[in-house]
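Below is the file coords.cif, which contains mmCIF, C-alpha atoms and all ligand atoms.
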data_start
#
loop_
_atom_site.label_atom_id
_atom_site.label_comp_id
_atom_site.auth_asym_id
_atom_site.auth_seq_id
_atom_site.Cartn_x
_atom_site.Cartn_y
_atom_site.Cartn_z
CA MET A 1 158.57 78.89 107.32
CA THR A 2 160.14 80.37 104.26
CA SER A 3 159.10 83.70 102.81
CA LYS A 4 157.97 81.71 99.70
CA LEU A 5 155.00 80.44 101.72
CA ILE A 6 154.40 83.51 103.79
CA THR A 7 153.91 85.91 100.88
CA PRO A 8 150.94 84.07 99.28
CA PHE A 9 149.45 83.62 102.74
CA ILE A 10 149.61 87.34 103.42
CA ILE A 11 148.09 88.06 100.01
CA PHE A 12 145.28 85.60 100.76
CA LEU A 13 144.64 87.18 104.15
CA PHE A 14 144.64 90.66 102.68
CA SER A 15 142.22 89.78 99.90
CA SER A 16 139.88 88.08 102.38
CA ILE A 17 139.77 91.20 104.50
CA LEU A 18 139.20 93.30 101.42
CA ASN A 19 136.37 91.00 100.37
CA LEU A 20 134.78 91.21 103.77
CA PHE A 21 134.98 94.99 103.62
CA ILE A 22 133.37 95.12 100.17
CA LYS A 23 130.61 92.77 101.26
CA SER A 24 129.81 94.67 104.42
CA SER A 25 129.66 97.96 102.54
CA ASN A 26 126.96 96.42 100.33
CA ALA A 27 125.15 94.81 103.21
CA SER A 28 121.44 95.24 103.18
CA THR A 29 119.19 95.01 106.20
CA THR A 30 115.93 93.16 105.79
CA TYR A 31 112.76 94.17 107.59
CA ASN A 32 110.19 91.40 107.46
CA VAL A 33 106.67 92.77 107.92
CA LEU A 34 105.82 89.72 110.08
CA SER A 35 108.30 90.92 112.70
CA PHE A 36 106.36 94.19 112.77
CA GLY A 37 103.19 92.30 113.65
CA ALA A 38 101.57 91.89 110.21
CA LYS A 39 99.31 88.84 109.99
CA PRO A 40 99.24 87.07 106.62
CA ASN A 41 95.58 86.04 106.93
CA GLY A 42 93.89 88.85 105.00
CA GLN A 43 91.64 89.56 108.01
CA ILE A 44 93.60 91.67 110.46
CA ASP A 45 94.55 95.19 109.38
CA ALA A 46 98.28 95.12 108.57
CA THR A 47 98.58 98.78 107.54
CA GLN A 48 100.37 99.99 110.68
CA SER A 49 102.85 97.07 110.57
CA PHE A 50 103.75 97.97 106.98
CA LEU A 51 104.15 101.63 107.92
CA ASN A 52 106.37 100.71 110.86
CA ALA A 53 108.54 98.52 108.62
CA TRP A 54 108.73 101.47 106.22
CA ARG A 55 109.86 103.81 109.00
CA ALA A 56 112.65 101.37 109.96
CA ALA A 57 113.76 101.01 106.32
CA CYS A 58 113.49 104.71 105.57
CA THR A 59 115.72 105.69 108.48
CA SER A 60 118.29 102.96 107.75
CA VAL A 61 121.61 104.42 106.57
CA GLU A 62 122.29 101.25 104.59
CA PRO A 63 120.21 100.06 101.64
CA SER A 64 117.43 97.92 103.02
CA THR A 65 114.74 95.48 102.02
CA ILE A 66 111.19 95.29 103.29
CA TYR A 67 110.10 91.72 102.87
CA VAL A 68 106.47 90.64 102.54
CA PRO A 69 106.25 86.83 102.72
CA LYS A 70 103.54 84.70 101.11
CA GLY A 71 100.01 85.27 102.38
CA ARG A 72 97.30 87.92 102.20
CA TYR A 73 97.63 91.24 103.99
CA LEU A 74 94.70 93.56 104.62
CA ILE A 75 95.94 97.07 103.81
CA LYS A 76 93.98 100.29 104.12
CA GLU A 77 95.10 103.65 102.74
CA ALA A 78 98.89 103.70 103.19
CA THR A 79 101.37 106.50 102.42
CA PHE A 80 105.04 105.57 102.29
CA ARG A 81 106.79 108.89 102.55
CA GLY A 82 110.39 109.88 101.85
CA PRO A 83 112.94 111.19 101.56
CA CYS A 84 114.73 108.16 103.00
CA LYS A 85 118.36 107.78 104.05
CA SER A 86 119.14 105.03 101.54
CA LYS A 87 117.69 102.87 98.79
CA ILE A 88 114.76 100.63 99.63
CA THR A 89 113.61 97.42 97.97
CA VAL A 90 110.13 96.16 98.76
CA LYS A 91 110.18 92.45 97.94
CA ILE A 92 106.68 90.98 97.90
CA ASP A 93 105.82 87.29 97.75
CA GLY A 94 102.30 87.85 99.07
CA THR A 95 99.13 89.73 98.12
CA LEU A 96 98.02 93.07 99.50
CA VAL A 97 94.24 93.25 99.66
CA ALA A 98 91.98 96.26 100.18
CA PRO A 99 89.01 96.12 102.55
CA LEU A 100 85.93 94.48 101.04
CA ASP A 101 83.84 97.61 101.71
CA TYR A 102 84.86 100.05 98.96
CA TRP A 103 84.49 103.02 101.33
CA GLY A 104 87.55 101.59 103.14
CA ILE A 105 89.90 103.17 100.60
CA GLY A 106 87.41 104.85 98.28
CA ASN A 107 87.70 108.40 99.58
CA SER A 108 91.49 108.46 99.86
CA GLY A 109 92.24 109.02 96.17
CA TYR A 110 95.25 106.78 96.71
CA TRP A 111 95.46 103.30 98.15
CA ILE A 112 99.20 102.62 98.18
CA LEU A 113 101.17 105.84 97.76
CA PHE A 114 104.94 106.37 97.58
CA ILE A 115 105.80 110.01 97.86
CA GLU A 116 109.14 111.85 97.54
CA VAL A 117 111.18 108.66 97.62
CA ASN A 118 114.43 108.31 95.68
CA GLY A 119 115.74 104.83 94.90
CA ILE A 120 112.69 102.66 95.47
CA SER A 121 112.13 99.21 93.96
CA VAL A 122 108.94 97.20 94.28
CA ILE A 123 109.61 93.64 93.23
CA GLY A 124 106.98 90.94 92.73
CA GLY A 125 103.71 90.63 94.60
CA SER A 126 100.04 91.16 93.90
CA ILE A 127 97.73 93.96 94.91
CA ASP A 128 93.98 93.43 94.84
CA ALA A 129 91.89 96.57 95.33
CA LYS A 130 88.58 94.65 95.12
CA GLY A 131 87.12 97.36 92.90
CA ASP A 132 83.91 95.64 91.82
CA GLY A 133 81.70 97.06 94.59
CA PHE A 134 82.93 100.54 93.72
CA TRP A 135 82.26 100.06 89.98
CA ALA A 136 78.77 98.79 90.75
CA CYS A 137 78.11 101.96 92.76
CA ARG A 138 79.38 104.11 89.85
CA LYS A 139 77.33 102.20 87.29
CA SER A 140 74.13 102.35 89.32
CA GLY A 141 74.05 106.12 88.80
CA ASN A 142 74.31 106.67 92.54
CA ASN A 143 75.70 110.16 93.22
CA ASN A 144 76.95 109.10 96.61
CA CYS A 145 79.90 106.97 95.53
CA PRO A 146 83.35 107.89 96.85
CA VAL A 147 85.89 109.36 94.37
CA GLY A 148 87.79 106.08 94.11
CA ALA A 149 91.42 105.18 94.85
CA ARG A 150 94.30 104.61 92.46
CA SER A 151 95.91 101.33 93.47
CA ILE A 152 99.63 102.18 93.51
CA THR A 153 101.08 105.63 92.92
CA PHE A 154 104.54 107.17 92.81
CA ASN A 155 104.52 110.95 93.30
CA TRP A 156 107.74 113.00 93.11
CA ALA A 157 109.91 109.89 93.16
CA ASN A 158 113.17 109.32 91.28
CA ASP A 159 114.98 106.11 90.35
CA VAL A 160 111.98 103.87 90.68
CA VAL A 161 111.68 100.21 89.65
CA VAL A 162 108.40 98.29 89.61
CA SER A 163 108.98 94.73 88.46
CA GLY A 164 106.80 91.64 88.38
CA LEU A 165 103.84 93.23 90.11
CA LEU A 166 100.26 92.04 89.44
CA SER A 167 97.47 94.56 89.98
CA ILE A 168 93.92 93.25 90.14
CA ASN A 169 90.63 95.20 90.00
CA SER A 170 91.70 98.70 90.88
CA GLN A 171 88.86 101.10 91.74
CA VAL A 172 90.28 103.58 89.22
CA THR A 173 93.84 103.73 87.72
CA HIS A 174 96.04 100.75 88.62
CA LEU A 175 99.55 102.26 88.55
CA VAL A 176 100.35 105.98 88.45
CA ILE A 177 103.74 107.54 87.72
CA ASN A 178 103.41 111.25 88.47
CA SER A 179 106.23 113.83 88.62
CA CYS A 180 108.95 111.18 88.60
CA ASN A 181 112.30 110.79 86.82
CA ASN A 182 114.03 107.58 85.77
CA VAL A 183 111.41 104.92 86.22
CA MET A 184 111.47 101.29 85.04
CA VAL A 185 108.19 99.38 84.93
CA LYS A 186 108.91 95.79 83.94
CA ASN A 187 106.84 92.62 83.61
CA VAL A 188 103.85 94.17 85.31
CA LYS A 189 100.41 92.62 84.82
CA VAL A 190 97.11 94.42 85.13
CA ILE A 191 93.78 92.63 85.24
CA ALA A 192 90.33 94.19 85.44
CA PRO A 193 87.15 93.50 83.45
CA ASP A 194 86.41 95.10 80.12
CA GLN A 195 83.46 96.97 81.61
CA SER A 196 85.15 98.43 84.69
CA PRO A 197 84.96 102.24 84.39
CA ASN A 198 88.12 104.43 84.43
CA THR A 199 90.45 101.59 85.33
CA ASP A 200 93.47 102.80 83.33
CA GLY A 201 96.34 100.33 83.51
CA ILE A 202 99.40 102.58 83.77
CA HIS A 203 99.21 106.38 83.81
CA VAL A 204 102.32 108.51 83.25
CA GLN A 205 102.30 112.25 83.76
CA SER A 206 104.81 115.10 84.40
CA SER A 207 107.61 112.55 84.27
CA THR A 208 110.88 112.11 82.37
CA ASN A 209 112.73 108.94 81.40
CA VAL A 210 110.08 106.33 82.04
CA THR A 211 110.48 102.84 80.53
CA ILE A 212 107.62 100.33 80.41
CA ILE A 213 108.64 96.88 79.16
CA GLY A 214 106.98 93.49 78.95
CA CYS A 215 103.63 94.41 80.48
CA ARG A 216 100.33 92.62 79.95
CA ILE A 217 97.33 94.84 80.48
CA LYS A 218 93.67 93.80 80.39
CA THR A 219 91.41 96.50 81.72
CA GLY A 220 88.32 98.70 81.28
CA ASP A 221 90.00 101.96 80.21
CA ASP A 222 93.34 102.91 78.60
CA CYS A 223 96.02 100.23 78.90
CA ILE A 224 98.55 103.04 79.15
CA SER A 225 97.56 106.71 79.34
CA ILE A 226 100.08 109.46 78.84
CA GLY A 227 99.33 112.83 80.36
CA PRO A 228 100.81 116.35 80.13
CA GLY A 229 104.50 116.78 80.92
CA THR A 230 105.62 113.32 79.79
CA ARG A 231 109.10 113.28 78.21
CA ASN A 232 111.28 110.41 76.99
CA LEU A 233 108.84 107.58 77.49
CA TRP A 234 109.89 104.20 76.09
CA MET A 235 107.31 101.39 75.84
CA GLU A 236 108.15 97.98 74.44
CA LYS A 237 106.55 94.53 74.34
CA ILE A 238 103.18 95.68 75.64
CA LEU A 239 100.15 93.38 75.34
CA CYS A 240 96.96 95.43 75.50
CA GLY A 241 93.37 94.28 75.46
CA PRO A 242 90.68 94.42 76.44
CA GLY A 243 91.13 98.12 77.08
CA HIS A 244 91.02 101.49 75.38
CA GLY A 245 94.51 101.27 73.88
CA VAL A 246 97.69 103.27 74.44
CA SER A 247 96.54 106.88 74.60
CA ILE A 248 98.38 110.16 74.57
CA GLY A 249 95.94 112.52 76.24
CA SER A 250 93.41 113.60 76.61
CA LEU A 251 95.27 116.90 76.30
CA GLY A 252 93.97 120.45 76.24
CA ARG A 253 91.82 120.05 79.30
CA GLU A 254 93.49 123.23 80.60
CA TYR A 255 94.57 126.28 78.65
CA GLU A 256 98.04 126.39 80.28
CA GLU A 257 99.20 122.83 79.89
CA ASP A 258 102.52 121.09 79.31
CA GLY A 259 102.89 118.82 76.27
CA VAL A 260 104.07 115.29 75.56
CA GLN A 261 107.31 114.64 73.72
CA ASN A 262 109.63 111.86 72.65
CA VAL A 263 107.46 108.80 73.16
CA THR A 264 108.20 105.41 71.58
CA LEU A 265 105.99 102.33 71.46
CA SER A 266 107.35 99.24 69.71
CA TYR A 267 106.89 95.46 69.45
CA SER A 268 103.42 95.52 70.94
CA ILE A 269 100.16 93.66 70.34
CA PHE A 270 96.64 94.98 70.76
CA THR A 271 93.90 92.35 71.07
CA GLY A 272 90.20 93.25 71.03
CA SER A 273 90.85 96.74 72.33
CA ASP A 274 88.69 99.80 71.57
CA ASN A 275 91.72 101.67 70.24
CA GLY A 276 95.31 100.92 69.34
CA LEU A 277 97.49 103.99 68.90
CA ARG A 278 95.44 106.97 70.05
CA ILE A 279 96.18 110.67 70.45
CA LYS A 280 93.28 112.73 71.79
CA SER A 281 92.68 116.35 72.66
CA TRP A 282 89.71 118.50 73.59
CA ALA A 283 88.49 121.04 71.04
CA ARG A 284 89.52 124.18 72.90
CA PRO A 285 92.50 126.55 72.96
CA SER A 286 95.58 125.27 74.83
CA THR A 287 99.35 125.69 74.99
CA SER A 288 99.76 121.90 75.01
CA PHE A 289 101.48 119.88 72.25
CA VAL A 290 102.49 116.40 71.12
CA LYS A 291 105.79 115.89 69.30
CA ASN A 292 108.35 113.25 68.34
CA ILE A 293 106.19 110.18 68.70
CA ASN A 294 107.36 106.89 67.27
CA TYR A 295 105.08 103.89 66.81
CA ARG A 296 106.68 100.87 65.17
CA ASN A 297 106.27 97.09 64.82
CA ILE A 298 102.74 96.85 66.12
CA VAL A 299 100.15 94.10 65.59
CA MET A 300 96.41 94.82 65.79
CA LYS A 301 94.00 91.93 66.36
CA TYR A 302 90.34 92.94 66.04
CA VAL A 303 90.85 96.51 67.24
CA ASP A 304 88.01 99.03 66.83
CA ASN A 305 90.24 102.02 65.98
CA PRO A 306 93.78 100.80 65.28
CA ILE A 307 95.23 104.24 64.46
CA ILE A 308 93.41 107.35 65.63
CA ILE A 309 94.09 111.03 66.23
CA ASP A 310 91.00 112.65 67.72
CA GLN A 311 91.24 116.40 68.29
CA ASN A 312 87.53 116.64 68.94
CA TYR A 313 87.66 114.38 71.96
CA CYS A 314 84.50 114.57 74.03
CA PRO A 315 83.42 111.29 75.63
CA ASN A 316 79.65 110.80 75.83
CA ASN A 317 79.23 114.05 73.84
CA LYS A 318 78.49 115.92 77.03
CA ASP A 319 79.51 119.55 77.61
CA CYS A 320 81.74 119.53 74.53
CA PRO A 321 83.85 122.70 74.20
CA GLN A 322 82.90 123.06 70.51
CA GLN A 323 85.93 125.16 69.62
CA THR A 324 89.12 124.03 67.84
CA SER A 325 91.97 122.30 69.59
CA GLY A 326 95.06 124.37 70.36
CA VAL A 327 97.14 121.21 70.86
CA LYS A 328 99.87 121.08 68.19
CA ILE A 329 100.66 117.59 66.94
CA ASN A 330 104.02 117.30 65.13
CA ASP A 331 106.34 114.54 63.94
CA VAL A 332 104.48 111.32 64.57
CA ILE A 333 105.86 108.21 62.87
CA TYR A 334 103.74 105.11 62.23
CA LYS A 335 105.87 102.28 60.86
CA ASN A 336 105.20 98.61 60.28
CA ILE A 337 101.73 98.27 61.70
CA GLU A 338 99.51 95.40 60.61
CA GLY A 339 96.40 93.48 61.50
CA THR A 340 92.63 93.77 61.63
CA SER A 341 90.24 96.59 62.37
CA THR A 342 86.67 95.84 63.46
CA THR A 343 85.46 99.13 61.98
CA GLU A 344 85.82 100.28 58.40
CA VAL A 345 87.95 103.34 59.16
CA ALA A 346 91.21 101.72 60.30
CA MET A 347 93.21 104.93 60.11
CA ASN A 348 91.47 108.03 61.41
CA PHE A 349 93.20 111.41 61.54
CA ASP A 350 90.82 114.08 62.79
CA CYS A 351 93.18 116.99 63.40
CA SER A 352 92.47 120.53 64.49
CA PRO A 353 91.53 123.07 61.81
CA SER A 354 93.38 125.81 63.73
CA ASN A 355 96.45 123.59 64.39
CA PRO A 356 96.75 120.97 61.65
CA CYS A 357 98.83 117.85 62.37
CA GLN A 358 102.26 118.20 60.75
CA GLY A 359 105.12 115.88 59.93
CA ILE A 360 103.03 112.74 60.16
CA GLN A 361 104.98 109.86 58.55
CA ILE A 362 103.36 106.58 57.67
CA GLN A 363 105.22 103.59 56.34
CA ASP A 364 104.40 99.92 55.81
CA ILE A 365 100.86 99.74 57.11
CA LYS A 366 98.66 96.69 56.44
CA LEU A 367 95.32 97.00 58.13
CA THR A 368 92.20 95.23 56.93
CA TYR A 369 88.56 95.49 57.94
CA MET A 370 87.70 91.88 58.75
CA ASN A 371 89.29 90.57 55.51
CA LYS A 372 87.76 93.42 53.53
CA LYS A 373 89.29 96.70 52.46
CA ALA A 374 89.51 99.27 55.20
CA LYS A 375 89.32 103.03 54.75
CA SER A 376 91.23 106.01 56.03
CA PHE A 377 89.92 109.40 57.07
CA CYS A 378 91.94 112.63 57.09
CA ASN A 379 91.14 116.10 58.32
CA ASN A 380 93.74 118.90 58.55
CA ILE A 381 96.82 116.72 58.28
CA GLN A 382 100.12 117.09 56.47
CA GLY A 383 102.70 114.35 56.15
CA THR A 384 104.50 111.76 54.06
CA LYS A 385 104.06 108.11 53.21
CA LYS A 386 106.39 105.30 52.19
CA GLY A 387 106.09 101.60 51.32
CA VAL A 388 102.86 99.63 51.27
CA ILE A 389 99.91 101.43 52.85
CA TRP A 390 96.56 99.71 53.38
CA PRO A 391 94.14 101.37 53.58
CA ALA A 392 95.36 103.81 50.96
CA THR A 393 95.71 107.01 52.81
CA CYS A 394 94.39 110.48 52.26
CA ILE A 395 97.66 112.04 53.43
C1 LIG B 401 116.96 111.50 81.35
O1 LIG B 401 117.92 110.62 80.78
C2 LIG B 401 118.96 111.32 80.10
C3 LIG B 401 119.80 110.27 79.39
O2 LIG B 401 120.15 109.25 80.24
C4 LIG B 401 119.75 112.14 81.14
O3 LIG B 401 120.79 112.86 80.49
C5 LIG B 401 118.80 113.13 81.79
O4 LIG B 401 119.47 113.83 82.83
C6 LIG B 401 117.61 112.40 82.40
N1 LIG B 401 116.64 113.36 82.85
C7 LIG B 401 116.21 113.43 84.09
C8 LIG B 401 115.25 114.53 84.39
O5 LIG B 401 116.54 112.64 84.96
C1 LIG B 402 114.14 110.18 73.75
O1 LIG B 402 113.85 109.21 74.70
C2 LIG B 402 114.75 108.13 74.72
C3 LIG B 402 114.27 107.15 75.78
O2 LIG B 402 112.97 106.82 75.53
C4 LIG B 402 116.15 108.63 75.03
O3 LIG B 402 117.04 107.56 74.97
C5 LIG B 402 116.54 109.70 74.05
O4 LIG B 402 117.77 110.25 74.42
C6 LIG B 402 115.49 110.80 74.03
N1 LIG B 402 115.80 111.75 73.01
C7 LIG B 402 115.93 113.05 73.25
C8 LIG B 402 116.23 113.93 72.08
O5 LIG B 402 115.82 113.51 74.39
#

Go through the file and emit its structure as structure tokens.
Ligand SMILES: *[C@@H]1O[C@H](CO)[C@@H](O)[C@H](O)[C@H]1NC(C)=O
Ligand SMILES: *[C@@H]1O[C@H](CO)[C@@H](O)[C@H](O)[C@H]1NC(C)=O
Amino acid sequence: MTSKLITPFIIFLFSSILNLFIKSSNASTTYNVLSFGAKPNGQIDATQSFLNAWRAACTSVEPSTIYVPKGRYLIKEATFRGPCKSKITVKIDGTLVAPLDYWGIGNSGYWILFIEVNGISVIGGSIDAKGDGFWACRKSGNNNCPVGARSITFNWANDVVVSGLLSINSQVTHLVINSCNNVMVKNVKVIAPDQSPNTDGIHVQSSTNVTIIGCRIKTGDDCISIGPGTRNLWMEKILCGPGHGVSIGSLGREYEEDGVQNVTLSYSIFTGSDNGLRIKSWARPSTSFVKNINYRNIVMKYVDNPIIIDQNYCPNNKDCPQQTSGVKINDVIYKNIEGTSTTEVAMNFDCSPSNPCQGIQIQDIKLTYMNKKAKSFCNNIQGTKKGVIWPATCI
């Protein structure tokens, strides 16, 4: 054999070995919940099998996948705790169902909880909390209902992805992002009836760098609610309604409270929702604030309150603080927002007399009241306007 042939052969051999090495360093172990005893029949409690699969994945030094095949899995309160040794992907082709009796998860506060996990992705799947029994208890005025469970929560987690998940009929909030950094929520769907109480779609709080893209939310409370300590939140291509809109707040519940800053919502459509773009705070002193908010390219279809700042927030007018809100609202941009309001006041700015809203910019707004002229309302607000503005504004 001449060296002419040997050299390419050695190069080939070397690159194959290199390839093999690269592949094995990326290898990912898969833990199928069925091999941990889970039964996909929706009848036999699969909680422990899921927790055992989690323990295996969490102690794996290589990135791993927990796989949930097609089928229905009965899951009771389940806490998936970190820190883990490596990244974990939970790939779900099936549906996780809560027990039919709402007491089964109702006193836990959390149904599916991920806590202190870094590098966690939840891909696909459906979760059905079967919340209707719980709502019926709440609506009946019975004082003996449990507190209710959020369906899926991430607490103190970083580098989180939730993609393609469907959440059905949560008892209370569907998806909670609390005290997390770097979170991507993508193509998530939320479905609960219009009249289901406190069923927020996605709640973000005390978290930085959260992105929510391409989500369709139909529910009984806020589609997205944004609590104290939210920074750098990006929301895009959100379909909301029925629901109570995308809400910042309510803020000023506490005196010492962190604020909300740098939030963007764009290319979104509200359909038949109670509110569109809402900022709300209680009328009492607080250190909280709202600043650098950017709403742009939004369509409103038959929305009760398309644009609203409510610094006298007090649902049901019960035990209202009856002071003035300490929450400072600064630098909010509303740009290119059009559609229909079902109430005459399409743009409602009720700001605090002690802390007027400042730096409010409105540009290119076309909102009508069912083909008639809409109105705007302003209290304690300072700002600028540009372009076409319907209804003519009092700013
Ligand atoms: C948020 O993202 C920015 C830009 O990517 C980054 O510099 C910053 O460290 C992130 N913050 C946190 C708390 O992860
Ligand atoms: C605001 O948030 C966006 C992400 O939503 C981020 O890219 C940007 O850097 C943030 N701006 C500041 C000043 O932190």

**Item:** From A:Ile389, A:Val160, A:Asp101, A:Cys180, residue lying nearest Pro146 of chain A [all atoms listed in the file]
**Value:**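 Distance minimum relative to Pro146 of chain A lands on A:Asp101.
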
**Request:** Please check which protein, DNA or RNA residues sit within 12 Å of ligand LIG 402 (chain B), counting only C-alpha atoms and all ligand atoms, and write them as a list in words.
**Result:**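 Written in the requested form, the residues are Asn181, Asn182, Val183, Met184, Ser207, Thr208, Asn209, Val210, Thr211, Ile212, Ile213, Thr230, Arg231, Asn232, Leu233, Trp234, Met235, Glu236, Val260, Gln261, Asn262, Val263, Thr264, Leu265, Ser266, Lys291, Asn292, Ile293 and Asn294 of chain A.
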
So for ligand LIG 401 (chain B), what box centre and size do we get, axis-aligned, 6 Å extra on each of the six sides, every listed atom, Å to one decimal, as JSON?
{"center_x": 118.0, "center_y": 111.9, "center_z": 82.2, "size_x": 17.5, "size_y": 17.3, "size_z": 17.6}

**Message:** Just checking: using only C-alpha atoms and all ligand atoms, which residue out of A:Asn158, A:Gln43, A:Thr340, A:Ser28 ends up closest to ligand LIG 401 (chain B)?
**Reply:**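 Of all the options, A:Asn158 lies closest to ligand LIG 401 (chain B).
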
**Spatial neighbours of Ile75 of chain A, max dist 9 Å, all atoms listed in the file, sep filter under 4 positions, as a list of chain:residue names** =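 Answer for this query is A:Gly42, A:Ile44, A:Asp45, A:Ala46, A:Thr47, A:Gln48, A:Phe50, A:Leu96, A:Val97, A:Ala98, A:Pro99, A:Trp111, A:Ile112.
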
**Item:** All residues 6 Å or closer to segment 297-308 of chain A, only C-alpha atoms, same chain fewer than 2 positions away omitted, as JSON, numbers by chain
**Value:** {"A": [266, 267, 268, 269, 270, 271, 272, 273, 274, 275, 276, 277, 278, 336, 337, 338, 339, 340, 341, 342, 343, 346, 347, 348, 349]}

**Request:** Find the residue from A:Ile279, A:Val246, A:Val162, A:Ile152 that sits nearest to Ile123 of chain A; use all atoms listed in the file when measuring.
**Result:**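 So, comparing all the options, the nearest one is A:Val162.
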
**Prompt:** Any idea what's packed within 8 Å of Gly125 of chain A, counting all atoms listed in the file, ignoring anything in its chain fewer than 5 positions away? Could you give it as a ChimeraX atom specification?
**Reply:** /A:91-96,164-166

**Prompt:** So, counting only C-alpha atoms, which residue among A:Ile224, A:Cys320, A:Ile88, A:Ile381 is closest to Arg253 of chain A?
**Reply:**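 Going through A:Ile224, A:Cys320, A:Ile88, A:Ile381 one by one, the smallest distance to Arg253 of chain A is for A:Cys320.
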
**Option closest in space to Lys70 of chain A, from A:Gly124, A:Trp54, A:Asp310, A:Asn380 [counting only C-alpha atoms]** =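 Closest candidate: A:Gly124.
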
**Asked** Rounded to one decimal in Å, what is the spacing between atom CA of Phe114 of chain A and atom CA of Arg138 of chain A?
**Response**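 A separation of 26.8 Å between them.
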
Show which residues sit within 6 Å of Ile217 of chain A, as an mmCIF file with C-alpha atoms, in the coordinates of the input. Count all atoms listed in the file, and ignore same-chain residues fewer than 2 positions away.
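Resulting contents of out.cif:
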data_model
loop_
_atom_site.group_PDB
_atom_site.id
_atom_site.type_symbol
_atom_site.label_atom_id
_atom_site.label_comp_id
_atom_site.auth_asym_id
_atom_site.auth_seq_id
_atom_site.Cartn_x
_atom_site.Cartn_y
_atom_site.Cartn_z
ATOM 1 C CA LYS A 189 100.410 92.620 84.820
ATOM 2 C CA VAL A 190 97.110 94.420 85.130
ATOM 3 C CA CYS A 223 96.020 100.230 78.900
ATOM 4 C CA CYS A 240 96.960 95.430 75.500
#

**Asked** Nearest to ligand LIG 401 (chain B): which of A:Asn118, A:Gln323, A:Ser250, A:Asn41 is it, counting all atoms listed in the file?
**Response**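 Of A:Asn118, A:Gln323, A:Ser250, A:Asn41, the one nearest ligand LIG 401 (chain B), counting all atoms listed in the file, is A:Asn118.
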